[in-house]
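Following: one structure in structure tokens, then a few remarks.
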Amino acid sequence: MNNANTALQQADPDIAELVRAEERRQDEVIRLIPSENYVSAAVLEATGTVLTNKYSEGYPGKRYYEGQQFIDPIEQLAINRATGLFGADHANVQPYSGSPANLAVYLAFLRPGETVMGMSLPMGGHLTHGWAVSATGTWFKSVQYGVRRDTGRLDMDQVRDLALAERPKLIFCGGTAIPRTIDFAGFAQVAREIDAVLVADIAHIAGLIAGGAHPSPVGHADVITTTTHKTLRGPRGAMILCTQQHAKAIDKAVFPGLQGGPHNHTTAGIAVALKEAATPEFRTYAHNVVANARALAESLTERGFELVSGGTDNHLILIDLASKNVTGKAAAKALDAAGIETNYNTVPFDPRKPFDPSGLRIGTPSVTTRGMAPEHMAQVAGWMDEVVTALAKGNVDDVTPVVRQQVVALTRAFRPPA
Ligand code: DSN
């Protein structure tokens with residue numbers, strides 16, 4: 001939004017200026033939050049269209065409002081591209097975001113009080129995988145698995161033991177702070193033993209799967225949920241993929257079970273992103289995301305940072321800052337002042353509280369979209385080290401402006417899509 005003479009500028013200069021400021025901010029910082037990205041100009045354009053004006057409760061060919069001549073083919077294109085890209089039988093592209101997508105899965109398969117099993121939030125899972133403060137941990141009986149203390153990795157024997165003891169009807173795998181490859185086949189075997197429905201939440205890694213940089217859950221999981229705005233590089237939204245057997249139950253759970261009219265402008269953006277994700281360039285992107293994460297993990301390790309599980313297989317790195325004598329929140333704030341955007345996060349077995357935990361969660365989807373490469377990850381690790389070291393020593397305010405200047409210089413060479 002560079003033109004100062006836009007309709008938004010005319011109608012609401014306050015909002016226009018804030019949007020422009022956010023655009024500048026996203027341009028001038030190194031964005032390492034692993035669940036964020038930059039959409040293409042085409043995706044952005046599709047989401048800012050007249051499609052936002054239209055109601056279309058129902059599904060293509062079966063709506064409760066007239067005037068669907070163009071909405072139906074848009075949603076059908078999104079569905080076909082989703083099933084084609086991931087090789088799934090069925091896709092529902094209407095969930096408003098990841099949490100509603102997961103809630104729809106509960107609605108399809110569980111009654112209140114029945115048992116769900118998921119990874120606990122502080123171990124790397126998601127709120128909606130049965131964590132206590134979420135509706136999913138309140139309305140359902142939830143049993144939670146974690147990672148091993150000695151390796152920081154999931155132990156499939158522990159998952160199996162818990163599943164056999166508790167016999168959940170629904171098992172979630174996947175999460176929000178898992179730096180390692182997910183063993184979908186192993187989870188499927190456990191689910192089969194107890195006749196549970198296996199749900200793979202691939203929100204974080206959908207783009208890596210689409211680009212062939214992470215194994216796919218298709219053929220292992222009965223149901224797959226994902227947001228569309230992380231490594232997949234689409235607009236904020238979500239999808240549910242499933243086998244033909246579960247297609248009706250999933251569609252019924254999304255609408256009319258949980259939601260009203262789909263957000264058609266988002267559906268169009270998802271369709272565009274899925275088309276982009278099917279290109280050879282996107283495959284290269286997905287592999288580069290992983291290569292950058294490995295390079296960043298190696299450089300951080302060389303500088304004495306402790307990484308949960310010792311490194312990464314995907315786009316995400318979880319740093320335990322305890323040995324650096326700083327907390328995650330203080331580090332995230334100091335790094336933000338230096339132009340490096342991260343988020344503080346619990347680490348497995350964290351002795352600290354979630355609002356001021358021991359860890360930092362970082363990842364490489366956004367910097368890779370900008371075209372940065374492994375050599376730049378070494379620079380980023382160096383800057384992170386300078387800031388965290390200064391924070392521990394008490395002279396961080398002297399260091400952040402210097403790092404910030406260097407960060408801005410690097411970002412000028414690697415601009416976001418425009
Ligand atoms: N909030 C998302 C993330 O940052 O991973 C998960 O829902």
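Following the order of the structure tokens, chains are lettered A, B, ..., residues in each are numbered from 1, and ligands are numbered from 1.
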Please return as a count of residues only the residues found within 12 Å of ligand 1, counting only C-alpha atoms and all ligand atoms.
48
Counting only C-alpha atoms, what is within 12 Å of region 84-88 of chain A, bar same-chain residues fewer than 3 positions away, as a PyMOL selection string?
chain A and resi 76-81+91-92+202+206-212+215-226+232+239-247+271+273-279+282-283
Which of region 232-383 of chain A DSSP labels strand (DSSP E), written as a list in words:
Ala238, Met239, Ile240, Leu241, Cys242, Glu306, Leu307, Leu316, Ile317, Leu318, Ile319, Asp320, Ile340, Glu341, Asn343, Tyr344, Asn345, Gly359, Leu360, Arg361, Ile362 and Gly363 of chain A
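Proximity of A:Phe349, A:His376, A:Thr266, A:Gly118 to Val50 (chain A), computed with only C-alpha atoms, is greatest for A:Thr266.
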Env of Arg303 (chain A): 12 Å cut, atoms = only C-alpha atoms, seq-sep filter 6 positions within chain, self excluded. Answer as a list in words.
Leu296, Ala297, Ser323, Lys324, Ala378, Gln379, Val380, Ala381, Gly382, Trp383, Met384, Asp385, Glu386, Val388 and Thr389 of chain A
List every residue of region 8-84 of chain A that DSSP, applied to the backbone of this structure, assigns to alpha helix (DSSP H), and report them as a ChimeraX atom specification.
/A:8-11,13-28,41-47,71-84
If we count only C-alpha atoms, what is near Gly269 (chain A) at a cut-off of 7 Å, once residues fewer than 5 positions away on the same chain are taken out, given as a PyMOL selection string?
chain A and resi 43+46-47+234-235
Record the distance separating CA of Thr284 (chain A) and CA of Leu360 (chain A), expressed in Å with one decimal.
27.1 Å
If we count only C-alpha atoms, what is near region 391-395 of chain A at a cut-off of 12 Å, once residues fewer than 2 positions away on the same chain are taken out, given as a ChimeraX atom specification?
/A:321-335,337-338,384-389,397-401
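Between CA of Thr83 (chain A) and CA of Gly130 (chain A) there is a distance of 27.6 Å.
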Write out as CSV the residues of region 291-387 of chain A that have any atom within 10 Å of an atom of region 6-29 of chain A, one row each with the nearest atom pair and its distance in Å to one decimal, counting only C-alpha atoms, sorted by chain and then rising number.
```
residue,atom,partner,partner_atom,distance
A:Asp336,CA,A:Val29,CA,8.3
A:Ala337,CA,A:Val29,CA,9.7
A:Ala338,CA,A:Val29,CA,8.5
A:Gly339,CA,A:Val29,CA,4.7
A:Ile340,CA,A:Val29,CA,5.8
A:Glu341,CA,A:Val29,CA,6.8
A:Ser366,CA,A:Gln26,CA,9.9
A:Val367,CA,A:Val29,CA,9.7
A:Arg370,CA,A:Asp27,CA,9.5
```
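Residues in contact with Pro179 (chain A) at 9 Å, where only C-alpha atoms are counted and same-chain residues fewer than 4 positions away are skipped, are listed as Gly124, Arg153, Val308, Ser309, Gly311, Thr312, Asp313, Asn314, His315, Leu316, Ile317 and Leu318 of chain A.
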With a distance cut-off of 12 Å and only C-alpha atoms, select the neighbouring residues of Tyr59 (chain A), excluding the residue or stretch itself and same-chain residues fewer than 2 positions from it, and output the selection as number ranges by chain.
A: 55-57, 61-65, 68, 71-76, 79, 91-94, 248, 251-252, 254-256, 260-262, 264
Could you write those residues out with N, CA, C and O atoms, as a short mmCIF file (atom, residue, chain, number, x, y, z; two decimals), in the first residue's frame?
```cif
data_model
loop_
_atom_site.label_atom_id
_atom_site.label_comp_id
_atom_site.auth_asym_id
_atom_site.auth_seq_id
_atom_site.Cartn_x
_atom_site.Cartn_y
_atom_site.Cartn_z
N TYR A 55 -22.34 -13.72 0.95
CA TYR A 55 -22.66 -14.85 1.83
C TYR A 55 -22.84 -16.10 0.99
O TYR A 55 -23.43 -16.05 -0.09
N SER A 56 -22.40 -17.25 1.49
CA SER A 56 -22.57 -18.48 0.70
C SER A 56 -22.59 -19.71 1.62
O SER A 56 -21.85 -20.66 1.40
N GLU A 57 -23.45 -19.64 2.64
CA GLU A 57 -23.56 -20.81 3.53
C GLU A 57 -23.90 -22.04 2.71
O GLU A 57 -24.73 -22.00 1.82
N GLY A 61 -22.66 -25.91 -5.20
CA GLY A 61 -23.80 -26.66 -5.73
C GLY A 61 -24.93 -26.82 -4.75
O GLY A 61 -26.02 -27.28 -5.11
N LYS A 62 -24.70 -26.47 -3.47
CA LYS A 62 -25.78 -26.64 -2.47
C LYS A 62 -25.66 -25.51 -1.44
O LYS A 62 -25.07 -25.68 -0.38
N ARG A 63 -26.19 -24.35 -1.83
CA ARG A 63 -26.07 -23.16 -0.99
C ARG A 63 -27.42 -22.72 -0.48
O ARG A 63 -28.46 -23.09 -1.05
N TYR A 64 -27.39 -21.88 0.54
CA TYR A 64 -28.63 -21.35 1.10
C TYR A 64 -28.89 -19.90 0.70
O TYR A 64 -29.79 -19.26 1.21
N TYR A 65 -28.05 -19.38 -0.20
CA TYR A 65 -28.22 -18.03 -0.74
C TYR A 65 -28.03 -18.10 -2.25
O TYR A 65 -27.24 -18.90 -2.73
N GLN A 68 -24.46 -17.48 -6.50
CA GLN A 68 -23.19 -18.20 -6.27
C GLN A 68 -22.48 -18.56 -7.57
O GLN A 68 -21.61 -19.43 -7.58
N ILE A 71 -18.81 -17.74 -6.92
CA ILE A 71 -18.28 -18.25 -5.64
C ILE A 71 -18.09 -19.77 -5.72
O ILE A 71 -17.07 -20.30 -5.28
N ASP A 72 -19.08 -20.47 -6.31
CA ASP A 72 -18.97 -21.93 -6.40
C ASP A 72 -17.69 -22.36 -7.11
O ASP A 72 -16.94 -23.20 -6.58
N PRO A 73 -17.41 -21.83 -8.32
CA PRO A 73 -16.17 -22.28 -8.97
C PRO A 73 -14.91 -21.88 -8.21
O PRO A 73 -13.90 -22.60 -8.26
N ILE A 74 -14.95 -20.77 -7.48
CA ILE A 74 -13.77 -20.37 -6.69
C ILE A 74 -13.52 -21.41 -5.59
O ILE A 74 -12.42 -21.92 -5.42
N GLU A 75 -14.60 -21.77 -4.87
CA GLU A 75 -14.41 -22.75 -3.79
C GLU A 75 -14.04 -24.12 -4.36
O GLU A 75 -13.20 -24.83 -3.79
N GLN A 76 -14.65 -24.47 -5.51
CA GLN A 76 -14.33 -25.78 -6.09
C GLN A 76 -12.87 -25.84 -6.54
O GLN A 76 -12.20 -26.86 -6.38
N ILE A 79 -10.79 -26.41 -3.50
CA ILE A 79 -10.91 -27.81 -3.07
C ILE A 79 -10.06 -28.72 -3.97
O ILE A 79 -9.27 -29.55 -3.49
N ALA A 91 -11.34 -32.37 0.64
CA ALA A 91 -10.87 -31.16 1.32
C ALA A 91 -12.04 -30.26 1.66
O ALA A 91 -12.95 -30.07 0.84
N ASN A 92 -12.01 -29.72 2.87
CA ASN A 92 -12.94 -28.67 3.26
C ASN A 92 -12.10 -27.41 3.48
O ASN A 92 -11.19 -27.42 4.31
N VAL A 93 -12.37 -26.36 2.71
CA VAL A 93 -11.51 -25.17 2.76
C VAL A 93 -12.18 -24.01 3.53
O VAL A 93 -11.73 -22.88 3.44
N GLN A 94 -13.24 -24.32 4.28
CA GLN A 94 -14.01 -23.26 4.92
C GLN A 94 -13.61 -22.87 6.35
O GLN A 94 -14.00 -21.79 6.80
N LYS A 248 -18.25 -36.66 4.72
CA LYS A 248 -19.58 -36.13 5.10
C LYS A 248 -19.55 -35.60 6.53
O LYS A 248 -20.08 -34.53 6.82
N ASP A 251 -17.59 -32.28 6.66
CA ASP A 251 -18.33 -31.15 6.07
C ASP A 251 -19.49 -30.72 6.97
O ASP A 251 -19.72 -29.53 7.18
N LYS A 252 -20.19 -31.70 7.51
CA LYS A 252 -21.34 -31.40 8.37
C LYS A 252 -20.90 -30.70 9.66
O LYS A 252 -21.58 -29.83 10.20
N VAL A 254 -18.21 -28.73 9.99
CA VAL A 254 -17.79 -27.33 9.72
C VAL A 254 -19.03 -26.47 9.50
O VAL A 254 -19.20 -25.42 10.13
N PHE A 255 -19.89 -26.89 8.60
CA PHE A 255 -21.18 -26.22 8.36
C PHE A 255 -22.25 -27.27 8.19
O PHE A 255 -22.08 -28.17 7.36
N PRO A 256 -23.32 -27.25 8.92
CA PRO A 256 -23.78 -26.20 9.84
C PRO A 256 -23.33 -26.39 11.29
O PRO A 256 -23.74 -25.61 12.16
N GLY A 260 -20.94 -20.43 10.15
CA GLY A 260 -21.91 -19.94 9.18
C GLY A 260 -21.21 -19.80 7.84
O GLY A 260 -20.52 -20.70 7.39
N GLY A 261 -21.39 -18.62 7.22
CA GLY A 261 -20.87 -18.42 5.87
C GLY A 261 -19.35 -18.44 5.80
O GLY A 261 -18.67 -17.86 6.64
N PRO A 262 -18.81 -19.12 4.78
CA PRO A 262 -17.36 -19.11 4.60
C PRO A 262 -16.86 -17.73 4.19
O PRO A 262 -17.63 -16.93 3.63
N ASN A 264 -15.27 -15.90 1.69
CA ASN A 264 -14.95 -16.21 0.29
C ASN A 264 -13.67 -15.54 -0.21
O ASN A 264 -12.97 -16.09 -1.06
#
```
